[in-house]
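Novice: File name work_30.cif; file contents mmCIF, C-alpha atoms; full text below.
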```cif
data_target
loop_
_atom_site.label_atom_id
_atom_site.label_comp_id
_atom_site.auth_asym_id
_atom_site.auth_seq_id
_atom_site.Cartn_x
_atom_site.Cartn_y
_atom_site.Cartn_z
CA HIS Z 1202 -58.68 -15.84 14.87
CA ARG Z 1203 -59.63 -13.21 12.29
CA VAL Z 1204 -61.20 -9.87 13.17
CA ASP Z 1205 -63.09 -7.95 10.44
CA VAL Z 1206 -63.39 -4.20 10.91
CA GLN Z 1207 -65.68 -1.88 8.94
CA LEU Z 1208 -65.34 1.89 9.16
CA PHE Z 1209 -68.18 4.38 8.73
CA ALA Z 1210 -67.98 8.14 8.05
CA ARG Z 1211 -69.41 10.32 10.81
CA GLN Z 1212 -71.67 13.27 9.98
CA MET Z 1213 -70.28 16.54 11.30
CA ARG Z 1214 -72.32 19.27 12.94
CA GLU Z 1215 -72.67 22.64 11.25
CA GLY Z 1216 -71.11 24.44 14.21
CA ASP Z 1217 -67.95 22.36 14.17
CA ALA Z 1218 -65.51 25.12 13.23
CA VAL Z 1219 -62.04 26.43 13.93
CA THR Z 1220 -61.58 27.55 17.50
CA GLY Z 1221 -58.18 29.14 17.07
CA ALA Z 1222 -56.47 27.98 20.26
CA ALA Z 1223 -52.95 29.37 20.29
CA THR Z 1224 -49.81 27.34 20.94
CA GLY Z 1225 -47.33 28.73 18.39
CA ALA Z 1226 -44.25 30.94 18.58
CA VAL Z 1227 -42.99 33.87 16.51
CA GLY Z 1228 -39.85 33.57 14.39
CA LYS Z 1229 -37.13 36.22 13.96
CA GLY Z 1230 -35.07 37.84 11.19
CA VAL Z 1231 -35.61 36.62 7.63
CA ARG Z 1232 -37.50 33.56 8.79
CA ALA Z 1233 -41.26 33.84 8.25
CA SER Z 1234 -43.36 34.19 11.36
CA ARG Z 1235 -45.10 31.00 12.40
CA ALA Z 1236 -48.84 31.04 13.00
CA ALA Z 1237 -50.35 30.28 16.34
CA GLU Z 1238 -51.36 26.65 15.99
CA GLN Z 1239 -55.08 25.98 16.11
CA ASP Z 1240 -56.90 22.85 17.09
CA GLY Z 1241 -57.55 20.51 14.19
CA TYR Z 1242 -55.80 20.23 10.85
CA PHE Z 1243 -56.32 20.72 7.13
CA THR Z 1244 -55.09 19.37 3.83
CA CYS Z 1245 -55.46 20.80 0.33
CA GLY Z 1246 -55.55 19.14 -3.06
CA VAL Z 1247 -56.63 19.19 -6.69
CA LEU Z 1248 -58.87 17.02 -8.83
CA GLY Z 1249 -57.24 16.64 -12.24
CA VAL Z 1250 -54.29 19.01 -11.81
CA LYS Z 1251 -52.86 19.89 -15.22
CA THR Z 1252 -49.36 21.30 -14.66
CA GLU Z 1253 -46.57 20.45 -12.27
CA GLN Z 1254 -45.62 24.14 -11.95
CA ASN Z 1255 -48.98 24.97 -10.36
CA LEU Z 1256 -48.57 22.05 -8.00
CA GLY Z 1257 -45.16 23.36 -6.94
CA THR Z 1258 -46.61 26.77 -6.05
CA LEU Z 1259 -49.49 25.20 -4.14
CA TRP Z 1260 -47.07 22.89 -2.32
CA ARG Z 1261 -44.98 25.82 -1.15
CA SER Z 1262 -48.06 27.69 0.11
CA ALA Z 1263 -49.29 24.55 1.88
CA TYR Z 1264 -46.01 24.35 3.76
CA GLN Z 1265 -45.95 28.05 4.65
CA LEU Z 1266 -49.54 28.12 5.88
CA GLY Z 1267 -49.47 24.97 8.00
CA ALA Z 1268 -51.15 22.29 5.90
CA SER Z 1269 -50.82 18.72 7.10
CA GLY Z 1270 -50.56 17.43 3.55
CA LEU Z 1271 -51.22 17.91 -0.14
CA PHE Z 1272 -53.00 15.56 -2.54
CA VAL Z 1273 -53.83 15.09 -6.21
CA ILE Z 1274 -56.66 13.03 -7.71
CA GLY Z 1275 -56.76 11.50 -11.16
CA GLU Z 1276 -54.72 9.78 -13.83
CA ARG Z 1277 -54.14 13.08 -15.62
CA PHE Z 1278 -51.34 13.90 -13.22
CA ARG Z 1279 -49.62 10.56 -13.79
CA GLU Z 1280 -49.86 10.06 -17.52
CA ALA Z 1281 -46.37 8.63 -17.30
CA GLY Z 1282 -47.21 6.58 -14.20
CA GLY Z 1283 -46.45 3.29 -15.98
CA ARG Z 1284 -42.86 4.23 -16.72
CA ARG Z 1285 -40.03 2.32 -15.08
CA GLY Z 1286 -36.33 2.71 -14.42
CA ASN Z 1287 -34.63 5.91 -15.61
CA ALA Z 1288 -37.82 7.31 -17.16
CA ALA Z 1289 -39.71 6.98 -13.87
CA ARG Z 1290 -36.88 8.55 -11.88
CA LYS Z 1291 -36.69 11.45 -14.34
CA GLU Z 1292 -40.46 11.98 -14.05
CA ALA Z 1293 -40.31 12.01 -10.23
CA LYS Z 1294 -37.34 14.41 -10.24
CA SER Z 1295 -39.17 16.77 -12.61
CA MET Z 1296 -42.20 16.82 -10.32
CA LEU Z 1297 -40.24 17.50 -7.13
CA GLN Z 1298 -37.71 20.01 -8.43
CA GLN Z 1299 -40.08 22.79 -9.44
CA PRO Z 1300 -38.70 26.34 -9.75
CA THR Z 1301 -41.94 27.56 -8.13
CA ASP Z 1302 -41.13 25.59 -4.96
CA THR Z 1303 -37.90 27.23 -3.81
CA MET Z 1304 -38.43 25.93 -0.26
CA ARG Z 1305 -38.48 22.28 -1.35
CA ALA Z 1306 -41.75 21.81 0.46
CA TRP Z 1307 -41.89 18.17 -0.64
CA ARG Z 1308 -39.38 17.45 2.12
CA ARG Z 1309 -41.78 18.76 4.79
CA VAL Z 1310 -45.34 18.33 3.50
CA PRO Z 1311 -46.32 14.90 2.12
CA LEU Z 1312 -48.05 14.54 -1.24
CA THR Z 1313 -50.66 11.79 -1.60
CA TYR Z 1314 -51.82 10.52 -4.99
CA TYR Z 1315 -55.32 9.03 -5.54
CA GLU Z 1316 -56.08 7.19 -8.77
CA ASP Z 1317 -59.66 8.42 -9.03
CA TRP Z 1318 -62.52 9.99 -7.06
CA ASN Z 1319 -63.65 6.70 -5.52
CA HIS Z 1320 -60.15 6.01 -4.25
CA PHE Z 1321 -60.04 9.47 -2.68
CA ALA Z 1322 -63.56 9.33 -1.19
CA SER Z 1323 -62.87 5.97 0.44
CA SER Z 1324 -59.72 7.35 2.08
CA LEU Z 1325 -61.08 10.50 3.74
CA PRO Z 1326 -59.92 10.93 7.34
CA PHE Z 1327 -62.41 10.41 10.15
CA GLY Z 1328 -64.21 13.54 11.35
CA ALA Z 1329 -63.05 15.87 8.54
CA LEU Z 1330 -65.27 18.02 6.30
CA LEU Z 1331 -64.74 18.10 2.54
CA VAL Z 1332 -64.75 21.73 1.35
CA ALA Z 1333 -65.13 22.52 -2.35
CA CYS Z 1334 -63.53 25.73 -3.58
CA GLU Z 1335 -65.50 26.68 -6.68
CA MET Z 1336 -67.51 29.58 -8.06
CA GLY Z 1337 -71.04 29.99 -6.72
CA GLY Z 1338 -70.38 29.08 -3.09
CA GLU Z 1339 -70.38 31.01 0.19
CA PRO Z 1340 -68.12 34.07 -0.10
CA LEU Z 1341 -64.77 33.50 1.55
CA HIS Z 1342 -64.98 36.58 3.76
CA THR Z 1343 -68.02 35.14 5.61
CA PHE Z 1344 -66.88 31.53 5.52
CA GLN Z 1345 -66.17 29.80 8.83
CA HIS Z 1346 -63.45 27.20 8.32
CA PRO Z 1347 -64.12 23.73 9.75
CA GLU Z 1348 -61.76 22.61 12.48
CA ARG Z 1349 -60.76 19.61 10.37
CA ALA Z 1350 -60.95 20.44 6.67
CA ILE Z 1351 -60.07 18.82 3.36
CA TYR Z 1352 -59.97 21.64 0.79
CA LEU Z 1353 -60.64 20.52 -2.77
CA LEU Z 1354 -59.79 22.54 -5.89
CA GLY Z 1355 -60.71 21.81 -9.50
CA SER Z 1356 -58.36 21.59 -12.46
CA GLU Z 1357 -57.06 24.67 -14.24
CA ASP Z 1358 -59.41 24.23 -17.21
CA ASN Z 1359 -62.40 22.20 -15.98
CA GLY Z 1360 -63.00 23.10 -12.34
CA LEU Z 1361 -65.04 20.73 -10.17
CA PRO Z 1362 -67.88 18.68 -11.73
CA GLU Z 1363 -71.38 18.83 -10.25
CA SER Z 1364 -71.20 15.24 -9.00
CA VAL Z 1365 -68.16 16.11 -6.91
CA MET Z 1366 -69.75 19.32 -5.64
CA ARG Z 1367 -72.73 17.34 -4.33
CA ALA Z 1368 -70.39 15.03 -2.43
CA CYS Z 1369 -68.74 17.92 -0.55
CA HIS Z 1370 -69.94 19.09 2.88
CA ARG Z 1371 -69.22 22.78 2.28
CA HIS Z 1372 -68.84 25.06 -0.75
CA VAL Z 1373 -66.79 28.26 -0.67
CA SER Z 1374 -65.94 30.74 -3.42
CA LEU Z 1375 -63.43 33.56 -3.78
CA PRO Z 1376 -65.01 36.97 -4.50
CA SER Z 1377 -63.27 39.25 -6.97
CA VAL Z 1378 -63.54 42.72 -8.49
CA ARG Z 1379 -63.63 41.37 -12.05
CA THR Z 1380 -63.61 37.74 -13.19
CA GLU Z 1381 -64.18 35.07 -10.54
CA SER Z 1382 -61.92 32.53 -12.21
CA TYR Z 1383 -58.65 32.44 -10.27
CA HIS Z 1384 -55.35 30.79 -11.09
CA LEU Z 1385 -55.35 27.34 -9.44
CA ALA Z 1386 -52.36 27.85 -7.14
CA ALA Z 1387 -53.51 31.39 -6.31
CA ALA Z 1388 -56.97 30.15 -5.31
CA GLY Z 1389 -55.53 27.49 -3.02
CA SER Z 1390 -53.09 29.95 -1.47
CA ILE Z 1391 -55.81 32.53 -0.80
CA LEU Z 1392 -58.04 29.89 0.78
CA MET Z 1393 -55.29 28.62 3.10
CA TYR Z 1394 -54.21 32.14 4.03
CA ASP Z 1395 -57.78 33.06 4.94
CA ARG Z 1396 -57.88 30.13 7.36
CA HIS Z 1397 -54.56 31.23 8.84
CA ALA Z 1398 -55.62 34.88 9.18
CA LYS Z 1399 -58.95 34.07 10.81
CA SER Z 1400 -57.29 31.74 13.31
CA LEU Z 1401 -54.92 34.56 14.30
CA LEU Z 1402 -57.82 37.00 14.73
CA CYS Z 1403 -59.66 34.46 16.86
CA THR Z 1404 -56.58 33.94 19.03
CA ARG Z 1405 -56.05 37.67 19.57
CA SER Z 1406 -59.73 38.14 20.40
CA GLN Z 1407 -59.52 35.41 23.04
CA LYS Z 1408 -56.43 37.01 24.58
CA ARG Z 1409 -58.19 40.40 24.88
CA GLN Z 1410 -61.18 38.98 26.74
CA PRO Z 1411 -61.14 40.06 30.41
CA GLY Z 1412 -60.85 37.36 33.02
CA PRO Z 1413 -63.51 36.59 35.63
CA THR Z 1414 -64.01 39.20 38.32
CA SER Z 1415 -64.51 38.44 41.99
#
```
In structure tokens, how does this file's structure come out?
Specialist:
Amino acid sequence: HRVDVQLFARQMREGDAVTGAATGAVGKGVRASRAAEQDGYFTCGVLGVKTEQNLGTLWRSAYQLGASGLFVIGERFREAGGRRGNAARKEAKSMLQQPTDTMRAWRRVPLTYYEDWNHFASSLPFGALLVACEMGGEPLHTFQHPERAIYLLGSEDNGLPESVMRACHRHVSLPSVRTESYHLAAAGSILMYDRHAKSLLCTRSQKRQPGPTS
């Protein structure tokens, strides 16, 4: 017998945000401190990433700040995708061995490649919100991160097109003192750190709350 299954995306409620429940531990010495783990998860990726060096920096930050994965969308990243044999192995080695990724984050955080937007949109995880990071959105300092988030960044030179912006559930931007246009890897790192910092503040606030009195 054959069973056909069709999956449908579920609409998320506006109040579905990070709760910041703590389950983590603190490291010692030169090892970086580990964040208190929150409920949910997040991934971060780029539409039309231009340079492998920027990807290496973003990959390292994704590992340090607890991302479940990293992704790239578009043929631009794999212009040499049709290569075989030694050429393909050299291309893969060049991508993974980036001087900006001294932690070799590719061994700990998986990278997923999507051929185009339709491929990506059809593969979104159940119950996650797609968050566009682009100028003109809600300022980051007031932004409440979804419990399950897919953060999407635009390319270094083109940003995110309007059609993609309309497909996203949320839109956040990074305020600045001068120009609002951030370096790609810096923007992704700031966004992920803000999620991490707010989850820590939420955890500490919960710990300070007095218990019930008799």
Novice: Atom CA of Z:Ala1268 to atom CA of Z:Met1393: how many Å, to one decimal?
Specialist: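 Atom-to-atom, atom CA of Z:Ala1268 to atom CA of Z:Met1393, that is 8.1 Å.
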Novice: Just the residues within 10 Å of Z:Ser1374, please, counting all atoms listed in the file, with nothing from its chain fewer than 4 positions along; format it as a PyMOL selection string.
Specialist: chain Z and resi 1333-1342+1344+1381-1382+1388+1392
Novice: Residues picked by the PyMOL selection byres ((chain Z and resi 1271) around 6) here, as a list in words?
Specialist: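 That expression, the PyMOL selection byres ((chain Z and resi 1271) around 6), corresponds here to Thr1244, Cys1245, Gly1246, Gly1270, Phe1272 and Leu1312 of chain Z.
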Novice: For C-alpha atoms, I'd like the residues from the last selection saved as a PDB file, in the coordinates of the input.
Specialist:
```pdb
ATOM      1  CA  THR Z1244     -55.090  19.370   3.830  1.00  0.00           C
ATOM      2  CA  CYS Z1245     -55.460  20.800   0.330  1.00  0.00           C
ATOM      3  CA  GLY Z1246     -55.550  19.140  -3.060  1.00  0.00           C
ATOM      4  CA  GLY Z1270     -50.560  17.430   3.550  1.00  0.00           C
ATOM      5  CA  PHE Z1272     -53.000  15.560  -2.540  1.00  0.00           C
ATOM      6  CA  LEU Z1312     -48.050  14.540  -1.240  1.00  0.00           C
TER       7      LEU Z1312
END
```
Novice: Contacts between stretch 1360-1372 of chain Z and stretch 1298-1336 of chain Z, please, where a residue of stretch 1298-1336 of chain Z counts if it comes within 12 Å (with all atoms listed in the file); show its shortest atom pair and distance in Å to one decimal, rows by chain and ascending number, as JSON lines.
Specialist:
```
{"residue": "Z:Asp1317", "atom": "CA", "partner": "Z:Val1365", "partner_atom": "CA", "distance": 11.7}
{"residue": "Z:Trp1318", "atom": "CA", "partner": "Z:Val1365", "partner_atom": "CA", "distance": 8.3}
{"residue": "Z:Asn1319", "atom": "CA", "partner": "Z:Val1365", "partner_atom": "CA", "distance": 10.5}
{"residue": "Z:Phe1321", "atom": "CA", "partner": "Z:Val1365", "partner_atom": "CA", "distance": 11.3}
{"residue": "Z:Ala1322", "atom": "CA", "partner": "Z:Ala1368", "partner_atom": "CA", "distance": 9.0}
{"residue": "Z:Leu1325", "atom": "CA", "partner": "Z:Cys1369", "partner_atom": "CA", "distance": 11.5}
{"residue": "Z:Gly1328", "atom": "CA", "partner": "Z:His1370", "partner_atom": "CA", "distance": 11.6}
{"residue": "Z:Ala1329", "atom": "CA", "partner": "Z:His1370", "partner_atom": "CA", "distance": 9.5}
{"residue": "Z:Leu1330", "atom": "CA", "partner": "Z:His1370", "partner_atom": "CA", "distance": 5.9}
{"residue": "Z:Leu1331", "atom": "CA", "partner": "Z:Cys1369", "partner_atom": "CA", "distance": 5.1}
{"residue": "Z:Val1332", "atom": "CA", "partner": "Z:Arg1371", "partner_atom": "CA", "distance": 4.7}
{"residue": "Z:Ala1333", "atom": "CA", "partner": "Z:His1372", "partner_atom": "CA", "distance": 4.8}
{"residue": "Z:Cys1334", "atom": "CA", "partner": "Z:His1372", "partner_atom": "CA", "distance": 6.1}
{"residue": "Z:Glu1335", "atom": "CA", "partner": "Z:Leu1361", "partner_atom": "CA", "distance": 6.9}
{"residue": "Z:Met1336", "atom": "CA", "partner": "Z:His1372", "partner_atom": "CA", "distance": 8.7}
```
Novice: Translate the PyMOL selection byres ((chain Z and resi 1359) around 10) into a concrete residue list for this structure, as a short mmCIF file (atom, residue, chain, number, x, y, z; two decimals) with C-alpha atoms, keeping the file's coordinate frame.
Specialist:
```cif
data_model
loop_
_atom_site.label_atom_id
_atom_site.label_comp_id
_atom_site.auth_asym_id
_atom_site.auth_seq_id
_atom_site.Cartn_x
_atom_site.Cartn_y
_atom_site.Cartn_z
CA LEU Z 1248 -58.87 17.02 -8.83
CA GLY Z 1249 -57.24 16.64 -12.24
CA VAL Z 1250 -54.29 19.01 -11.81
CA LYS Z 1251 -52.86 19.89 -15.22
CA GLY Z 1355 -60.71 21.81 -9.50
CA SER Z 1356 -58.36 21.59 -12.46
CA GLU Z 1357 -57.06 24.67 -14.24
CA ASP Z 1358 -59.41 24.23 -17.21
CA GLY Z 1360 -63.00 23.10 -12.34
CA LEU Z 1361 -65.04 20.73 -10.17
CA PRO Z 1362 -67.88 18.68 -11.73
#
```
Novice: Using all atoms listed in the file, find the one residue out of Z:His1320, Z:His1384, Z:His1397, Z:Arg1261 that sits nearest to Z:Gly1275.
Specialist: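 Of Z:His1320, Z:His1384, Z:His1397, Z:Arg1261, the one nearest Z:Gly1275 is Z:His1320, counting all atoms listed in the file.
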Novice: By how many Å are atom CA of Z:Pro1311 and atom CA of Z:Ser1269 apart?
Specialist: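 For atom CA of Z:Pro1311 relative to atom CA of Z:Ser1269, the distance reads 7.7 Å.
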Novice: Between atom CA of Z:Leu1375 and atom CA of Z:Trp1307, measure the distance and give it in Å to one decimal.
Specialist: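 So the two atoms, atom CA of Z:Leu1375 and atom CA of Z:Trp1307, lie 26.7 Å apart.
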Novice: Given all atoms listed in the file as the basis, pick out the residue of Z:Tyr1315, Z:Trp1260, Z:Leu1266, Z:Arg1309 nearest to Z:Ser1400.
Specialist: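 Comparing Z:Tyr1315, Z:Trp1260, Z:Leu1266, Z:Arg1309 against Z:Ser1400, the winner is Z:Leu1266.
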Novice: Give the padded box for stretch 1345-1355 of chain Z as JSON: axis-aligned, covering all atoms listed in the file, 8 Å on each side, centre and edge lengths in Å to one decimal.
Specialist:
```
{"center_x": -63.0, "center_y": 24.3, "center_z": 1.5, "size_x": 22.4, "size_y": 27.0, "size_z": 38.0}
```
